[in-house]
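Asker: Pasting a structure here, questions to come.
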Amino acid sequence: MDDRITESPRSPERIDLGEGASIRLLVPGDALVVFETVDRNRERLRRWLGWVDRTLGPGDTRTFIDLTIGTQGREFAYGIYVDGSFVGAIGLHTDPEHRSAMIGYWIDWEHEGRGLVTKASRALTQVAFRDLAMHRVWLTADPLNTRSCAVAERLGFRLEGIRREDTYTDGRFHDTALYAVLEDEWAGDGR
């Protein structure tokens, strides 16, 4: 068994992504700015993310942040920042028993297409394998969300299959593409 598994799981509080970008663990005081960014992007995000319509105020965001803090190292919710300003979020949801972790993310429309989600996903995949002793990292995306699928593909995640009509968001059923990479496939740079 991997010695890291017996230790308390730890994820860095802040990771520099370069060029003024970073990710930082969210704290309760971030709830308002996170909610305002979700609210500003609500119409665009609701198509892909079922939780958007259940996030009705900063209190809902605060509850989410509090829950991630209280998971004893199983859930890590990060903000994505550019020059100190919040522009999106990324999370690492771990299952230590099975040494598996899932990445989920979203980005403000004004910062889409700049590679921030790819950089943040690369950094958290590295954390999952190096610091948290995960064996597998995976993510899901609607196959019609070509930007999200491209993140997985750029990082070298393999498409494992399509789950047909397995999510219900924005008033209809959607397919889900499942991508994953194993620790022995991960080169650290996503290639």
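Here, A, B, ... name the chains of the structure tokens in the order displayed, residue numbers run from 1 inside each chain, and ligands are numbered from 1 in the same displayed order.
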Mind checking which residues fall within 10 Å of Asp95 (chain A), counting only C-alpha atoms, ignoring those fewer than 6 positions away in the same chain, and posting them as a list of chain:residue names?
Answerer: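 Counting only C-alpha atoms, the residues come to A:Arg74, A:Glu75, A:Ala101, A:Met102, A:Met134, A:Arg136.
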Asker: Give me the residues within 10 Å of Tyr168 (chain A) as number ranges by chain, counting only C-alpha atoms and dropping any in the same chain fewer than 2 places off.
Answerer: A: 47-50, 165-166, 170-175
Asker: Please produce a file of the residues just selected, as a CSV table (one decimal), in the first residue's frame, where the atoms kept are N, CA and C atoms.
Answerer:
chain,number,residue,atom,x,y,z
A,47,ARG,N,-26.8,25.2,-18.7
A,47,ARG,CA,-26.8,24.1,-19.7
A,47,ARG,C,-26.0,22.9,-19.3
A,48,TRP,N,-24.9,23.2,-18.7
A,48,TRP,CA,-23.9,22.1,-18.4
A,48,TRP,C,-23.9,21.6,-16.9
A,49,LEU,N,-24.3,22.5,-16.0
A,49,LEU,CA,-24.2,22.2,-14.6
A,49,LEU,C,-25.5,22.3,-13.8
A,50,GLY,N,-26.0,21.2,-13.3
A,50,GLY,CA,-27.2,21.1,-12.7
A,50,GLY,C,-27.3,21.9,-11.4
A,165,GLU,N,-27.9,9.9,-21.9
A,165,GLU,CA,-28.9,10.6,-21.2
A,165,GLU,C,-29.0,10.4,-19.7
A,166,ASP,N,-27.8,10.6,-19.1
A,166,ASP,CA,-27.7,10.2,-17.7
A,166,ASP,C,-27.8,11.5,-16.7
A,170,ASP,N,-31.2,21.9,-17.3
A,170,ASP,CA,-31.8,22.9,-18.1
A,170,ASP,C,-33.0,22.3,-18.9
A,171,GLY,N,-33.8,21.5,-18.2
A,171,GLY,CA,-35.0,21.0,-18.7
A,171,GLY,C,-35.0,19.8,-19.7
A,172,ARG,N,-33.8,19.2,-19.8
A,172,ARG,CA,-33.7,18.0,-20.7
A,172,ARG,C,-32.6,17.1,-20.3
A,173,PHE,N,-32.6,15.9,-20.8
A,173,PHE,CA,-31.6,14.9,-20.6
A,173,PHE,C,-30.4,15.1,-21.5
A,174,HIS,N,-29.2,14.9,-20.9
A,174,HIS,CA,-27.9,15.1,-21.6
A,174,HIS,C,-27.1,13.8,-21.5
A,175,ASP,N,-26.3,13.6,-22.5
A,175,ASP,CA,-25.3,12.5,-22.4
A,175,ASP,C,-24.1,13.1,-21.6
Asker: Go through A:Gly29, A:Pro58, A:Gly156, A:Gly91 and flag the residue nearest Ile103 (chain A), using only C-alpha atoms for the distances.
Answerer: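 Closest residue, counting only C-alpha atoms: A:Gly91.
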Asker: Can you measure CA of Asn41 (chain A) to CA of Arg163 (chain A) for me? One decimal in Å is fine.
Answerer: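 Taking CA of Asn41 (chain A) as the start and CA of Arg163 (chain A) as the end point, the length is 26.2 Å.
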Asker: Any chance you could tabulate, as JSON lines, the residues of region 68-108 of chain A at most 9 Å from region 32-38 of chain A with each one's nearest atom pair and distance in Å to one decimal, using only C-alpha atoms, in chain and rising number order?
Answerer:
{"residue": "A:Gly79", "atom": "CA", "partner": "A:Val34", "partner_atom": "CA", "distance": 8.1}
{"residue": "A:Phe86", "atom": "CA", "partner": "A:Val33", "partner_atom": "CA", "distance": 7.2}
{"residue": "A:Val87", "atom": "CA", "partner": "A:Thr37", "partner_atom": "CA", "distance": 7.3}
{"residue": "A:Gly88", "atom": "CA", "partner": "A:Thr37", "partner_atom": "CA", "distance": 7.5}
{"residue": "A:Ala89", "atom": "CA", "partner": "A:Val34", "partner_atom": "CA", "distance": 8.1}
{"residue": "A:Ile107", "atom": "CA", "partner": "A:Thr37", "partner_atom": "CA", "distance": 8.9}
{"residue": "A:Asp108", "atom": "CA", "partner": "A:Thr37", "partner_atom": "CA", "distance": 6.7}
Asker: A:Val137, A:Ile162, A:Ile15, A:Ala77: which is nearest Leu182 (chain A), counting only C-alpha atoms?
Answerer: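 Ranking A:Val137, A:Ile162, A:Ile15, A:Ala77 by distance to Leu182 (chain A), first place goes to A:Val137.
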Asker: Considering only alpha helix (DSSP H) as DSSP defines it on the backbone, what residues of region 3-48 of chain A qualify? List them as a list in words.
Answerer: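 Selection result, alpha helix (DSSP H) within region 3-48 of chain A: Asp3, Arg4, Ile5, Thr6, Ala31, Leu32, Val33, Val34, Phe35, Glu36, Thr37, Val38, Asp39, Arg40, Arg42, Glu43, Arg44, Leu45 and Arg46 of chain A.
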Asker: Between A:Ala141, A:Val82, A:Leu45, A:Ile69, single out the one closest to Gly20 (chain A), counting only C-alpha atoms.
Answerer: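 When distances to Gly20 (chain A) are compared using only C-alpha atoms, the smallest one comes from A:Val82.
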Asker: Can you list, as a VMD selection string, every protein, DNA or RNA residue that comes within 9 Å of Ile65 (chain A) when you count only C-alpha atoms, leaving out same-chain residues fewer than 3 positions away?
Answerer: chain A and resid 26 to 28 30 to 31 60 to 62 68 to 70 77
Asker: What's the separation between CA of Gln72 (chain A) and CA of Leu139 (chain A), in Å to one decimal place?
Answerer: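 According to the coordinates, CA of Gln72 (chain A) and CA of Leu139 (chain A) are separated by 21.7 Å.
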Asker: I need the residues in region 83-173 of chain A that are strand (DSSP E or B) according to DSSP; give them as an NGL selection string.
Answerer: :A and (85-95 or 100-107 or 136-141 or 158-169 or 172-173)
Asker: Which one is closest to Val181 (chain A): A:Arg158, A:Arg99, A:Thr169, A:Leu124? Count only C-alpha atoms.
Answerer: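 The closest residue to Val181 (chain A) is A:Arg158.
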Asker: If I take CA of Arg164 (chain A) and CA of Gly104 (chain A), how far is one from the other in Å, to one decimal?
Answerer: 19.4 Å
